[in-house]
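Student: Coordinates in start-v3.txt, compact mmCIF, C-alpha atoms, are listed below.
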# COMPACT_ATOMS: atom_id res chain seq x y z
CA MET A 26 106.25 -24.78 9.01
CA ALA A 27 103.27 -25.91 11.08
CA ASP A 28 100.99 -23.09 12.06
CA ALA A 29 100.11 -22.30 15.65
CA VAL A 30 97.31 -24.19 17.29
CA GLY A 31 95.81 -23.35 20.66
CA ARG A 32 92.73 -21.92 22.35
CA VAL A 33 92.27 -18.17 22.24
CA VAL A 34 89.64 -15.81 23.59
CA VAL A 35 89.01 -12.60 21.65
CA THR A 36 87.05 -10.22 23.88
CA PRO A 37 84.87 -8.21 24.09
CA GLU A 38 82.70 -8.78 21.06
CA GLY A 39 81.50 -6.07 18.72
CA SER A 40 84.62 -4.18 17.65
CA VAL A 41 85.39 -3.19 14.06
CA THR A 42 88.44 -5.47 14.07
CA GLY A 43 86.95 -8.47 15.95
CA ALA A 44 85.59 -10.42 12.99
CA ALA A 45 88.83 -10.13 11.01
CA ILE A 46 90.91 -11.14 14.03
CA ARG A 47 88.76 -14.20 14.70
CA ALA A 48 88.83 -15.23 11.02
CA ARG A 49 92.60 -14.79 10.81
CA LEU A 50 93.24 -16.82 13.95
CA ARG A 51 90.89 -19.61 12.86
CA ALA A 52 92.69 -19.76 9.51
CA GLN A 53 95.90 -20.26 11.46
CA GLY A 54 94.47 -23.17 13.39
CA TRP A 55 93.49 -21.43 16.62
CA ALA A 56 90.30 -22.49 18.35
CA VAL A 57 88.55 -19.16 18.96
CA GLU A 58 86.41 -19.51 22.06
CA ALA A 59 83.78 -17.50 23.90
CA ALA A 60 84.81 -15.08 26.62
CA ALA A 61 83.51 -17.45 29.31
CA SER A 62 85.94 -20.15 28.14
CA ARG A 63 88.03 -21.66 30.92
CA ASP A 64 91.81 -21.72 30.73
CA PRO A 65 92.48 -20.48 27.19
CA ASP A 66 96.11 -20.38 26.02
CA ALA A 67 95.89 -16.83 24.79
CA LEU A 68 93.86 -13.64 25.12
CA VAL A 69 93.19 -10.91 22.60
CA PHE A 70 91.76 -7.89 24.42
CA ASP A 71 90.07 -5.65 21.88
CA PRO A 72 88.07 -2.96 23.72
CA GLY A 73 87.00 -1.23 20.51
CA LEU A 74 89.11 1.92 20.76
CA LEU A 75 88.96 2.01 16.95
CA ASP A 76 85.15 2.23 17.10
CA ASP A 77 82.77 5.11 17.63
CA PRO A 78 81.67 4.79 20.33
CA PRO A 79 84.27 2.48 21.89
CA VAL A 80 82.94 -0.94 22.87
CA VAL A 81 84.31 -0.50 26.40
CA PRO A 82 83.91 2.99 27.88
CA PRO A 83 87.36 4.65 27.97
CA ASN A 84 87.36 5.02 31.75
CA ARG A 85 86.74 1.26 32.15
CA VAL A 86 89.31 -0.02 29.66
CA VAL A 87 92.27 -0.63 32.02
CA ASP A 88 90.15 -2.27 34.73
CA GLU A 89 88.62 -4.65 32.21
CA PHE A 90 91.99 -5.44 30.68
CA LEU A 91 93.52 -6.27 34.06
CA ALA A 92 90.52 -8.41 35.00
CA GLU A 93 90.63 -10.37 31.73
CA SER A 94 94.38 -10.82 31.64
CA GLN A 95 94.93 -11.92 35.23
CA ARG A 96 92.22 -14.52 35.44
CA HIS A 97 94.73 -17.35 34.98
CA HIS A 98 98.03 -18.19 33.30
CA MET A 99 98.21 -17.71 29.52
CA SER A 100 101.21 -17.79 27.22
CA ARG A 101 100.15 -14.89 25.02
CA ILE A 102 98.24 -11.66 25.62
CA VAL A 103 97.67 -9.15 22.83
CA VAL A 104 95.93 -5.80 23.24
CA VAL A 105 94.31 -4.00 20.33
CA SER A 106 94.71 -0.30 21.01
CA THR A 107 94.76 2.87 18.98
CA ARG A 108 97.44 4.90 17.28
CA ASP A 109 95.56 7.87 18.69
CA GLN A 110 97.14 7.29 22.10
CA LEU A 111 99.81 9.60 20.63
CA GLY A 112 97.24 12.40 20.85
CA TRP A 113 94.07 13.25 19.01
CA SER A 114 92.67 16.75 19.08
CA THR A 115 89.00 15.95 19.52
CA ARG A 116 89.08 12.83 21.70
CA PRO A 117 91.44 13.17 24.65
CA GLU A 118 89.53 10.55 26.66
CA LEU A 119 90.03 7.92 23.97
CA ALA A 120 93.71 8.84 23.56
CA ALA A 121 94.19 8.62 27.32
CA ALA A 122 92.54 5.19 27.45
CA GLY A 123 94.92 3.97 24.73
CA GLY A 124 97.93 5.41 26.54
CA ALA A 125 96.84 3.87 29.84
CA LEU A 126 96.39 0.50 28.16
CA VAL A 127 99.95 0.64 26.86
CA SER A 128 101.29 1.45 30.33
CA ALA A 129 99.25 -1.36 31.85
CA ALA A 130 100.36 -3.83 29.16
CA ARG A 131 104.04 -2.95 29.61
CA SER A 132 103.74 -3.37 33.37
CA LEU A 133 102.04 -6.71 32.97
CA ALA A 134 104.73 -7.75 30.47
CA LEU A 135 107.38 -7.13 33.12
CA ARG A 136 105.42 -9.00 35.76
CA LEU A 137 104.60 -12.02 33.60
CA ALA A 138 107.88 -12.33 31.66
CA PRO A 139 109.41 -14.84 34.12
CA LYS A 140 106.35 -17.04 33.63
CA GLY A 141 106.75 -17.14 29.87
CA THR A 142 103.75 -14.94 29.12
CA THR A 143 104.23 -12.26 26.50
CA VAL A 144 102.08 -9.10 26.51
CA ASN A 145 102.09 -6.90 23.43
CA VAL A 146 100.04 -4.09 21.95
CA VAL A 147 98.89 -3.41 18.40
CA ALA A 148 98.32 0.34 18.12
CA ALA A 149 96.26 0.72 14.98
CA PHE A 150 94.94 3.57 12.92
CA PRO A 151 91.14 3.31 12.65
CA PRO A 152 90.70 0.85 9.79
CA ARG A 153 88.50 1.09 6.74
CA SER A 154 84.88 0.64 7.89
CA SER A 155 85.53 2.31 11.26
CA ALA A 156 83.06 5.13 11.97
CA LEU A 157 86.02 7.17 13.25
CA ARG A 158 87.31 7.54 9.70
CA ASP A 159 84.16 9.39 8.63
CA GLU A 160 84.63 11.86 11.42
CA ARG A 161 88.19 12.48 10.30
CA THR A 162 87.17 13.32 6.75
CA SER A 163 85.13 16.24 8.04
CA ASP A 164 88.22 17.79 9.61
CA ALA A 165 90.93 16.38 7.38
CA SER A 166 93.38 19.20 7.97
CA ALA A 167 93.64 18.46 11.68
CA GLU A 168 94.10 14.70 11.57
CA PRO A 169 96.73 12.45 10.09
CA SER A 170 96.11 10.03 7.25
CA GLU A 171 98.08 7.05 6.03
CA LEU A 172 101.32 7.53 4.11
CA THR A 173 100.90 4.08 2.56
CA PRO A 174 98.95 3.74 -0.73
CA GLU A 175 96.12 1.75 0.86
CA PRO A 176 94.09 2.54 3.97
CA VAL A 177 94.64 0.35 7.03
CA THR A 178 92.20 -2.57 7.13
CA ALA A 179 90.90 -4.79 9.91
CA GLU A 180 92.83 -7.62 8.21
CA ASP A 181 96.07 -5.66 8.62
CA VAL A 182 95.39 -5.39 12.35
CA ALA A 183 94.52 -9.10 12.49
CA ASN A 184 97.85 -9.96 10.84
CA VAL A 185 99.79 -8.19 13.59
CA VAL A 186 97.68 -9.85 16.28
CA ALA A 187 98.41 -13.25 14.72
CA PHE A 188 102.13 -12.46 14.59
CA PHE A 189 102.30 -11.63 18.31
CA LEU A 190 100.25 -14.71 19.22
CA HIS A 191 102.53 -17.11 17.39
CA PRO A 192 104.74 -19.42 19.52
CA ARG A 193 107.79 -18.17 17.65
CA SER A 194 107.18 -14.64 18.99
CA HIS A 195 108.13 -15.77 22.51
CA TYR A 196 111.09 -13.34 22.81
CA ILE A 197 108.93 -10.31 21.96
CA THR A 198 107.18 -8.81 24.97
CA GLY A 199 106.09 -5.42 26.21
CA GLN A 200 106.12 -4.02 22.70
CA VAL A 201 103.82 -1.60 20.92
CA LEU A 202 103.68 -2.15 17.19
CA TYR A 203 101.88 0.55 15.26
CA CYS A 204 99.75 -0.78 12.44
CA CYS A 205 98.98 2.63 11.11
CA GLY A 206 100.24 3.14 7.57
CA GLY A 207 102.94 5.44 8.95
CA THR A 208 100.63 7.80 10.86
CA SER A 209 102.60 7.38 14.08
CA LEU A 210 105.88 8.52 12.61
CA LEU A 211 105.83 12.23 13.28
CA SER A 212 105.08 11.81 16.96
CA SER A 213 108.01 11.93 19.38
CA LEU A 214 106.21 9.35 21.53
CA SER A 215 106.33 6.72 18.79
CA VAL A 216 109.87 5.52 19.49
CA MET B 12 102.04 -18.22 7.27
CA HIS B 13 103.98 -15.40 5.62
CA HIS B 14 104.94 -17.04 2.36
CA LEU B 15 107.46 -15.26 0.17
CA ASP B 16 107.30 -17.37 -2.97
CA GLY B 17 109.06 -15.75 -5.89
CA LYS B 18 110.50 -12.86 -3.86
CA VAL B 19 114.12 -11.86 -4.29
CA CYS B 20 115.79 -11.05 -0.97
CA VAL B 21 119.21 -9.58 -0.23
CA VAL B 22 120.61 -10.13 3.25
CA THR B 23 123.89 -8.43 4.17
CA GLY B 24 126.19 -9.90 6.79
CA ALA B 25 124.47 -13.22 6.12
CA GLY B 26 127.51 -15.43 6.63
CA SER B 27 126.91 -15.94 10.33
CA GLY B 28 124.71 -15.26 13.36
CA ILE B 29 121.49 -13.32 12.94
CA GLY B 30 122.04 -12.63 9.23
CA LEU B 31 122.51 -16.33 8.52
CA ALA B 32 119.32 -17.17 10.40
CA ILE B 33 117.37 -14.51 8.48
CA ALA B 34 118.68 -15.74 5.11
CA GLY B 35 117.65 -19.30 6.01
CA GLU B 36 114.23 -18.19 7.22
CA LEU B 37 113.47 -16.21 4.05
CA ALA B 38 114.63 -19.13 1.89
CA ASN B 39 112.42 -21.50 3.92
CA SER B 40 109.51 -19.18 3.16
CA GLY B 41 110.01 -19.65 -0.57
CA ALA B 42 112.15 -16.63 -1.39
CA SER B 43 115.31 -16.62 -3.51
CA VAL B 44 118.03 -15.20 -1.30
CA VAL B 45 121.28 -13.42 -1.98
CA VAL B 46 123.54 -14.37 0.90
CA SER B 47 125.98 -11.53 1.11
CA ASP B 48 128.99 -11.19 3.37
CA LEU B 49 132.28 -9.37 3.61
CA VAL B 50 133.95 -12.79 3.55
CA LEU B 51 132.88 -14.60 0.37
CA GLU B 52 133.77 -18.04 1.76
CA ARG B 53 131.35 -17.52 4.66
CA ALA B 54 128.62 -16.48 2.23
CA GLU B 55 129.29 -19.49 0.02
CA GLN B 56 129.10 -21.85 2.96
CA ALA B 57 125.81 -20.30 4.06
CA ALA B 58 124.36 -20.50 0.54
CA LYS B 59 125.41 -24.12 0.33
CA SER B 60 123.64 -24.98 3.60
CA ILE B 61 120.46 -23.24 2.39
CA ALA B 62 120.60 -25.07 -0.94
CA ALA B 63 121.11 -28.37 0.88
CA ARG B 64 117.73 -27.76 2.59
CA GLY B 65 116.09 -27.18 -0.77
CA GLY B 66 116.26 -23.37 -0.77
CA THR B 67 117.48 -21.02 -3.48
CA ALA B 68 120.54 -19.03 -2.48
CA VAL B 69 123.33 -17.17 -4.25
CA ALA B 70 126.50 -16.08 -2.47
CA LEU B 71 127.91 -12.63 -3.23
CA PRO B 72 130.63 -10.64 -1.48
CA VAL B 73 130.04 -7.11 -0.23
CA ASP B 74 131.71 -4.45 1.85
CA VAL B 75 128.62 -2.41 2.69
CA ALA B 76 130.76 0.64 3.45
CA SER B 77 131.90 0.78 -0.18
CA ARG B 78 129.75 2.52 -2.78
CA SER B 79 131.12 0.50 -5.69
CA ALA B 80 130.85 -2.83 -3.84
CA VAL B 81 127.20 -2.12 -2.96
CA ASP B 82 126.38 -1.09 -6.53
CA ASP B 83 128.01 -4.32 -7.76
CA LEU B 84 125.98 -6.36 -5.25
CA PHE B 85 122.65 -5.05 -6.54
CA ALA B 86 123.67 -5.31 -10.22
CA GLU B 87 124.74 -8.91 -9.73
CA THR B 88 121.61 -9.70 -7.74
CA GLU B 89 119.47 -8.42 -10.58
CA SER B 90 121.29 -10.45 -13.22
CA ALA B 91 121.30 -13.62 -11.09
CA LEU B 92 117.79 -13.58 -9.62
CA GLY B 93 115.99 -10.41 -10.74
CA PRO B 94 115.32 -7.05 -9.05
CA VAL B 95 115.37 -7.01 -5.25
CA ASP B 96 112.02 -7.23 -3.42
CA VAL B 97 113.31 -7.46 0.14
CA LEU B 98 116.50 -5.93 1.55
CA VAL B 99 117.72 -6.89 5.02
CA ASN B 100 120.43 -4.54 6.23
CA ASN B 101 122.09 -6.75 8.80
CA ALA B 102 125.84 -6.24 8.32
CA GLY B 103 127.36 -4.53 11.32
CA ILE B 104 130.23 -4.42 13.76
CA SER B 105 130.44 -3.68 17.47
CA ILE B 106 133.52 -2.24 19.10
CA ASP B 107 133.14 -2.12 22.88
CA ARG B 108 135.13 0.91 23.98
CA GLY B 109 134.35 3.64 26.49
CA VAL B 110 134.34 7.29 25.54
CA ARG B 111 137.83 7.91 26.96
CA ARG B 112 139.46 5.11 24.95
CA ILE B 113 137.72 4.81 21.62
CA THR B 114 139.85 6.02 18.71
CA ASP B 115 138.83 8.16 15.74
CA GLU B 116 139.34 5.16 13.47
CA GLU B 117 137.11 2.89 15.58
CA TRP B 118 134.35 5.49 15.71
CA GLN B 119 134.51 6.09 11.96
CA ARG B 120 134.66 2.40 11.02
CA THR B 121 131.56 1.72 13.16
CA LEU B 122 129.60 4.49 11.46
CA ASP B 123 130.86 3.50 7.99
CA ILE B 124 129.64 -0.08 8.26
CA ASN B 125 126.60 0.23 10.53
CA LEU B 126 125.10 3.46 9.22
CA THR B 127 126.62 4.37 5.84
CA GLY B 128 126.14 0.71 4.87
CA VAL B 129 122.41 1.05 5.52
CA PHE B 130 122.28 4.23 3.45
CA LEU B 131 124.14 2.78 0.47
CA CYS B 132 122.13 -0.45 0.35
CA ALA B 133 118.79 1.27 0.97
CA GLN B 134 119.51 3.76 -1.81
CA ALA B 135 120.32 1.01 -4.30
CA ALA B 136 117.24 -0.96 -3.25
CA ALA B 137 114.93 2.06 -3.34
CA ARG B 138 116.00 2.90 -6.89
CA SER B 139 114.89 -0.59 -7.88
CA MET B 140 111.76 -0.84 -5.70
CA VAL B 141 110.11 2.55 -6.29
CA PRO B 142 109.49 2.12 -10.05
CA ARG B 143 107.87 -1.25 -9.28
CA ARG B 144 105.74 0.22 -6.48
CA GLN B 145 106.64 -2.52 -4.01
CA GLY B 146 109.37 -3.50 -1.62
CA ARG B 147 110.44 -4.22 1.92
CA ILE B 148 113.49 -2.86 3.69
CA ILE B 149 114.32 -4.32 7.10
CA ASN B 150 117.11 -2.77 9.10
CA ILE B 151 118.73 -4.59 11.97
CA ALA B 152 119.40 -2.02 14.67
CA SER B 153 119.89 -3.00 18.30
CA ARG B 154 118.25 -2.49 21.64
CA ALA B 155 121.55 -0.82 22.48
CA TRP B 156 120.55 2.31 20.54
CA LEU B 157 118.78 3.29 23.77
CA GLY B 158 122.31 3.55 25.22
CA TRP B 159 124.70 1.17 26.97
CA PHE B 160 128.03 1.10 28.76
CA GLY B 161 131.04 1.01 26.47
CA GLN B 162 128.93 1.19 23.34
CA LEU B 163 129.11 4.85 22.44
CA ALA B 164 129.98 4.24 18.79
CA TYR B 165 127.79 1.17 18.34
CA ALA B 166 124.75 2.69 20.04
CA SER B 167 125.17 5.97 18.14
CA SER B 168 125.37 4.13 14.82
CA LYS B 169 122.26 2.08 15.65
CA GLY B 170 120.43 5.25 16.71
CA GLY B 171 121.24 6.49 13.23
CA VAL B 172 119.76 3.30 11.81
CA VAL B 173 116.51 3.90 13.71
CA SER B 174 116.34 7.46 12.43
CA ALA B 175 117.16 6.33 8.88
CA THR B 176 114.39 3.74 9.11
CA ARG B 177 111.83 6.42 9.93
CA SER B 178 112.96 8.83 7.22
CA LEU B 179 113.08 6.05 4.63
CA ALA B 180 109.62 4.89 5.70
CA ILE B 181 108.14 8.36 5.40
CA GLU B 182 109.71 8.91 1.99
CA LEU B 183 108.97 5.50 0.47
CA ALA B 184 105.52 4.70 1.93
CA ARG B 185 103.62 6.19 -0.98
CA TYR B 186 105.40 3.82 -3.35
CA GLY B 187 104.29 0.71 -1.47
CA VAL B 188 107.72 0.23 0.07
CA THR B 189 107.73 -0.37 3.84
CA VAL B 190 110.81 0.17 5.96
CA ASN B 191 111.03 -1.27 9.45
CA CYS B 192 113.63 -1.95 12.01
CA LEU B 193 114.34 -4.84 14.36
CA ALA B 194 116.10 -4.14 17.62
CA PRO B 195 117.49 -7.39 19.00
CA GLY B 196 118.46 -7.60 22.64
CA LEU B 197 120.46 -10.42 24.17
CA ILE B 198 120.78 -13.01 21.40
CA ASP B 199 122.69 -16.27 21.61
CA THR B 200 125.52 -15.74 19.11
CA PRO B 201 129.19 -16.78 19.19
CA LEU B 202 130.08 -13.15 19.98
CA LEU B 203 127.92 -13.19 23.12
CA ARG B 204 129.20 -16.61 24.18
CA ALA B 205 132.70 -15.16 24.22
CA GLU B 206 131.78 -12.86 27.14
CA PRO B 207 133.28 -13.75 30.54
CA PRO B 208 130.88 -15.70 32.83
CA GLU B 209 130.47 -12.82 35.29
CA VAL B 210 129.42 -10.47 32.48
CA MET B 211 126.97 -13.06 31.15
CA GLN B 212 125.51 -13.45 34.63
CA ARG B 213 124.88 -9.72 34.95
CA LEU B 214 123.40 -9.54 31.45
CA MET B 215 121.04 -12.41 32.20
CA ALA B 216 120.00 -10.79 35.48
CA ALA B 217 118.78 -7.78 33.48
CA GLN B 218 116.52 -9.98 31.34
CA PRO B 219 112.83 -9.83 32.31
CA THR B 220 112.25 -13.23 30.70
CA GLY B 221 115.43 -14.62 32.26
CA THR B 222 116.25 -16.14 28.87
CA LEU B 223 118.49 -15.59 25.88
CA GLY B 224 116.95 -15.07 22.47
CA SER B 225 118.09 -17.01 19.44
CA PRO B 226 118.93 -15.75 15.95
CA ASP B 227 115.81 -17.64 14.83
CA ASP B 228 113.65 -15.39 17.02
CA VAL B 229 114.94 -12.36 15.11
CA ALA B 230 114.57 -14.17 11.79
CA TRP B 231 110.92 -14.89 12.54
CA ALA B 232 110.24 -11.18 13.05
CA ALA B 233 112.17 -10.33 9.87
CA ARG B 234 109.98 -12.75 7.97
CA PHE B 235 106.87 -10.94 9.19
CA PHE B 236 108.23 -7.57 8.05
CA ALA B 237 109.22 -9.12 4.69
CA SER B 238 105.75 -10.47 4.06
CA PRO B 239 102.59 -8.93 2.56
CA ALA B 240 100.95 -9.37 5.99
CA SER B 241 102.81 -6.31 7.30
CA ALA B 242 101.74 -3.91 4.52
CA ALA B 243 100.26 -1.37 6.98
CA VAL B 244 103.29 -1.41 9.28
CA THR B 245 106.07 1.00 8.37
CA GLY B 246 108.73 3.04 10.13
CA GLN B 247 108.49 0.88 13.23
CA VAL B 248 111.11 -0.37 15.66
CA LEU B 249 110.29 -3.83 16.98
CA TYR B 250 112.39 -5.00 19.89
CA VAL B 251 113.18 -8.70 19.98
CA CYS B 252 114.70 -8.57 23.40
CA GLY B 253 112.73 -10.55 25.95
CA GLY B 254 111.33 -7.35 27.42
CA LYS B 255 114.70 -5.72 28.13
CA SER B 256 113.58 -2.54 26.37
CA LEU B 257 110.94 -2.08 29.09
CA TYR B 258 113.48 -1.57 31.78
CA ALA B 259 116.92 -2.94 32.39
CA ARG B 260 119.21 -2.14 35.27
CA PRO B 261 122.46 -1.06 33.62
CA ALA B 262 125.02 -3.82 34.10
CA ARG B 263 128.61 -3.29 33.07
For the structure just supplied, provide its representation as structure tokens.
Tutor:
Amino acid sequence: MADAVGRVVVTPEGSVTGAAIRARLRAQGWAVEAAASRDPDALVFDPGLLDDPPVVPPNRVVDEFLAESQRHHMSRIVVVSTRDQLGWSTRPELAAAGGALVSAARSLALRLAPKGTTVNVVAAFPPRSSALRDERTSDASAEPSELTPEPVTAEDVANVVAFFLHPRSHYITGQVLYCCGGTSLLSSLSV
Amino acid sequence: MHHLDGKVCVVTGAGSGIGLAIAGELANSGASVVVSDLVLERAEQAAKSIAARGGTAVALPVDVASRSAVDDLFAETESALGPVDVLVNNAGISIDRGVRRITDEEWQRTLDINLTGVFLCAQAAARSMVPRRQGRIINIASRAWLGWFGQLAYASSKGGVVSATRSLAIELARYGVTVNCLAPGLIDTPLLRAEPPEVMQRLMAAQPTGTLGSPDDVAWAARFFASPASAAVTGQVLYVCGGKSLYARPAR
């Protein structure tokens, strides 16, 4: 099977998952272009909600997403959000930003579906090398941890991004796929 | 992407439709596939078509609602190809009948095949996967588990499949076994094509994309869940439905 080839913008820069996402997409044949690129085929919006501090301030996340995603027609839009939209005791602002992003992405998915644009969300657990994981260790009893044998990695997140971006994923839109080692499962909001 | 070289996959209900597409997809990815169906002839035909494309496929019969038939399926899989690495629970039936008309037998048969079948196959697979600390279980539910007209039994059984997926995922995660669920929406199968034109029209009107999905679209997602690339994803329900899960005006 031939791998996907197209032009994708991964923005903004500086998130814990950005480098892995760019590397994964390049390996698949995507041309990964700068944010200023004109008319890319696809957008990966990664506001750094898995970083401490977030790359985009939580109260700006939805506005920036809408601005980036509505610039022109694209066939694929993927949002990198956080599993912690399900609720996180010490960071309600971050959780709220993640939840708002999901609502915005689902709305956009409905609006853009007739045009053949899919909009999907990867809701990840902060991956290995995220500063948020260190904070968790200090209050381990209050926060979830992966059920899977290995911690979530930036590469795991990149794999889900690549899956959603693929041309063969055209019938999947408006979805939130948790890449979280099972940490979403005990939340009633996760189905 | 998503190569499955050397993996042994079992797909139930693989003689036609979505199951057939999944079996073909996994074989194309390099896996050895057990094509399993209630009707052996259908399975044999499917295995033959996979082999003709250069894939490895073995046809085996199974009634997933039968404990002994399921045990036989996994024993024969192991002797033919080796222990199972990937199980796709796809076998299922749909009886469209409103609450006032559905019979006890129809309700029970739906649960036996759609839900008990998932339990029996997942149990057999888990017993083989856990000692080897690896495995993938992919359950085919349906968008209809959210509820739909005339699908009380079907939707209830698929709701059970979603719940089973989550419990299996929680229990098996520590052993490196992921369990996920695909929820197809409107997919172009012979069963759907048999609907009267006016029903099809209403169903299409409820599609945000305005399009039908194909069995290959579901197979593509199954391949992702079968692959090492999805190691951190477990217990999830992924809708392959053209956005219908977002909102759909109920259309009888």
Student: Using atom CA of Gln95 of chain A and atom CA of Val229 of chain B as the two end points, give the distance in Å to one decimal.
Tutor: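 Computing it gives 28.4 Å between the two atoms.
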Student: Can I get the residues of chain B within 8 Å of chain A, each with the closest pair of atoms and their distance in Å to one decimal, using all atoms listed in the file, sorted chain first then ascending number, as a tab-separated table?
Tutor:
residue	atom	partner	partner_atom	distance
B:Met12	CA	A:Asp28	CA	6.9
B:Arg177	CA	A:Leu210	CA	6.9
B:Ala180	CA	A:Gly207	CA	7.4
B:Ile181	CA	A:Gly207	CA	6.9
B:Ala184	CA	A:Thr173	CA	4.7
B:Arg185	CA	A:Thr173	CA	4.9
B:Tyr186	CA	A:Pro174	CA	7.0
B:Gly187	CA	A:Pro174	CA	6.2
B:Pro219	CA	A:Ala138	CA	5.6
B:Thr220	CA	A:Ala138	CA	4.6
B:Gly221	CA	A:Pro139	CA	6.3
B:Gly224	CA	A:Tyr196	CA	6.1
B:Asp228	CA	A:Arg193	CA	6.5
B:Trp231	CA	A:Arg193	CA	6.8
B:Ala232	CA	A:Ser194	CA	7.5
B:Phe235	CA	A:Phe188	CA	7.3
B:Ala240	CA	A:Asn184	CA	5.8
B:Ser241	CA	A:Asp181	CA	6.9
B:Ala242	CA	A:Asp181	CA	7.2
B:Ala243	CA	A:Gly206	CA	4.5
B:Val244	CA	A:Cys204	CA	4.8
B:Thr245	CA	A:Gly207	CA	5.5
B:Gly246	CA	A:Gly207	CA	6.4
B:Gln247	CA	A:Tyr203	CA	6.9
B:Val248	CA	A:Val216	CA	7.1
B:Leu249	CA	A:Leu202	CA	6.8
B:Tyr250	CA	A:Ile197	CA	6.7
B:Val251	CA	A:Ile197	CA	5.0
B:Cys252	CA	A:Tyr196	CA	6.0
B:Gly253	CA	A:Tyr196	CA	4.5
B:Gly254	CA	A:Thr198	CA	5.0
B:Leu257	CA	A:Gly199	CA	6.6
Student: Atom CA of Tyr165 of chain B and atom CA of Thr114 of chain B, how far apart in Å?
Tutor: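 If I compute the distance from atom CA of Thr114 of chain B to atom CA of Tyr165 of chain B, I get 13.0 Å.
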Student: To one decimal place, how far is atom CA of Val127 of chain A from atom CA of Leu214 of chain A in Å?
Tutor: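 These atoms are spaced 12.0 Å apart.
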Student: Counting all atoms listed in the file, which residue out of B:Ala57, B:Ile104, B:Ala62, B:Ala230 sits closest to Lys169 of chain B?
Tutor: B:Ile104
Student: Of the candidates B:Met211, B:Ile149, B:Val172, B:Ile29, which shows the shortest atom-to-atom distance to Ile124 of chain B, using all atoms listed in the file?
Tutor: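 Among the listed residues, B:Val172 lies closest to Ile124 of chain B.
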Student: Considering only C-alpha atoms, return as a PyMOL selection string whatever protein or nucleic-acid residues lie within 10 Å of Leu68 of chain A, sequence-local ones (same chain, fewer than 4 positions apart) excluded.
Tutor: chain A and resi 32-36+57-58+60+93-94+99-104+144+190
Student: Can you pull out every residue within 8 Å of Val69 of chain B, counting all atoms listed in the file, but drop anything in the same chain fewer than 5 positions away, and send it as a PyMOL selection string?
Tutor: chain B and resi 44-46+55+58+91
Student: List as a list in words the protein and nucleic acid residues near Ala137 of chain B, meaning an atom at most 8 Å away when all atoms listed in the file are counted, but skip any in the same chain fewer than 4 places from it.
Tutor: Ala133, Val141 and Leu183 of chain B
Student: For a quick check of understanding, using all atoms listed in the file, which of A:Pro72, A:Pro169, A:Arg51, A:Gly39 has the smallest distance to Ser114 of chain A?
Tutor: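 Under the stated criterion, the closest residue is A:Pro169.
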Student: Would you mind listing what lies within 10 Å of Leu37 of chain B as a VMD selection string, with all atoms listed in the file counted and same-chain residues fewer than 6 positions away left out?
Tutor: chain B and resid 13 to 16 18 to 22 43 to 44 66 to 67 97 230 to 231 233 to 235 237 to 238
Student: Just checking: using all atoms listed in the file, which residue out of A:Ala48, A:Val41, A:Ala67, A:Val146 ends up closest to His98 of chain A?
Tutor: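 Of A:Ala48, A:Val41, A:Ala67, A:Val146, the one nearest His98 of chain A is A:Ala67, counting all atoms listed in the file.
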Student: Would you pick out the contacts of Ser155 of chain A at 8 Å or less, using all atoms listed in the file, so that residues sharing its chain but fewer than 6 positions from it are not included, and give the list as a VMD selection string?
Tutor: chain A and resid 41 75 to 77
Student: I need the residue nearest Asp109 of chain A from this list: A:Leu133, A:Ala148, A:Val87, A:Ala156. Use only C-alpha atoms for the distance.
Tutor: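 Checking each candidate against Asp109 of chain A, we get A:Ala148 as the closest.
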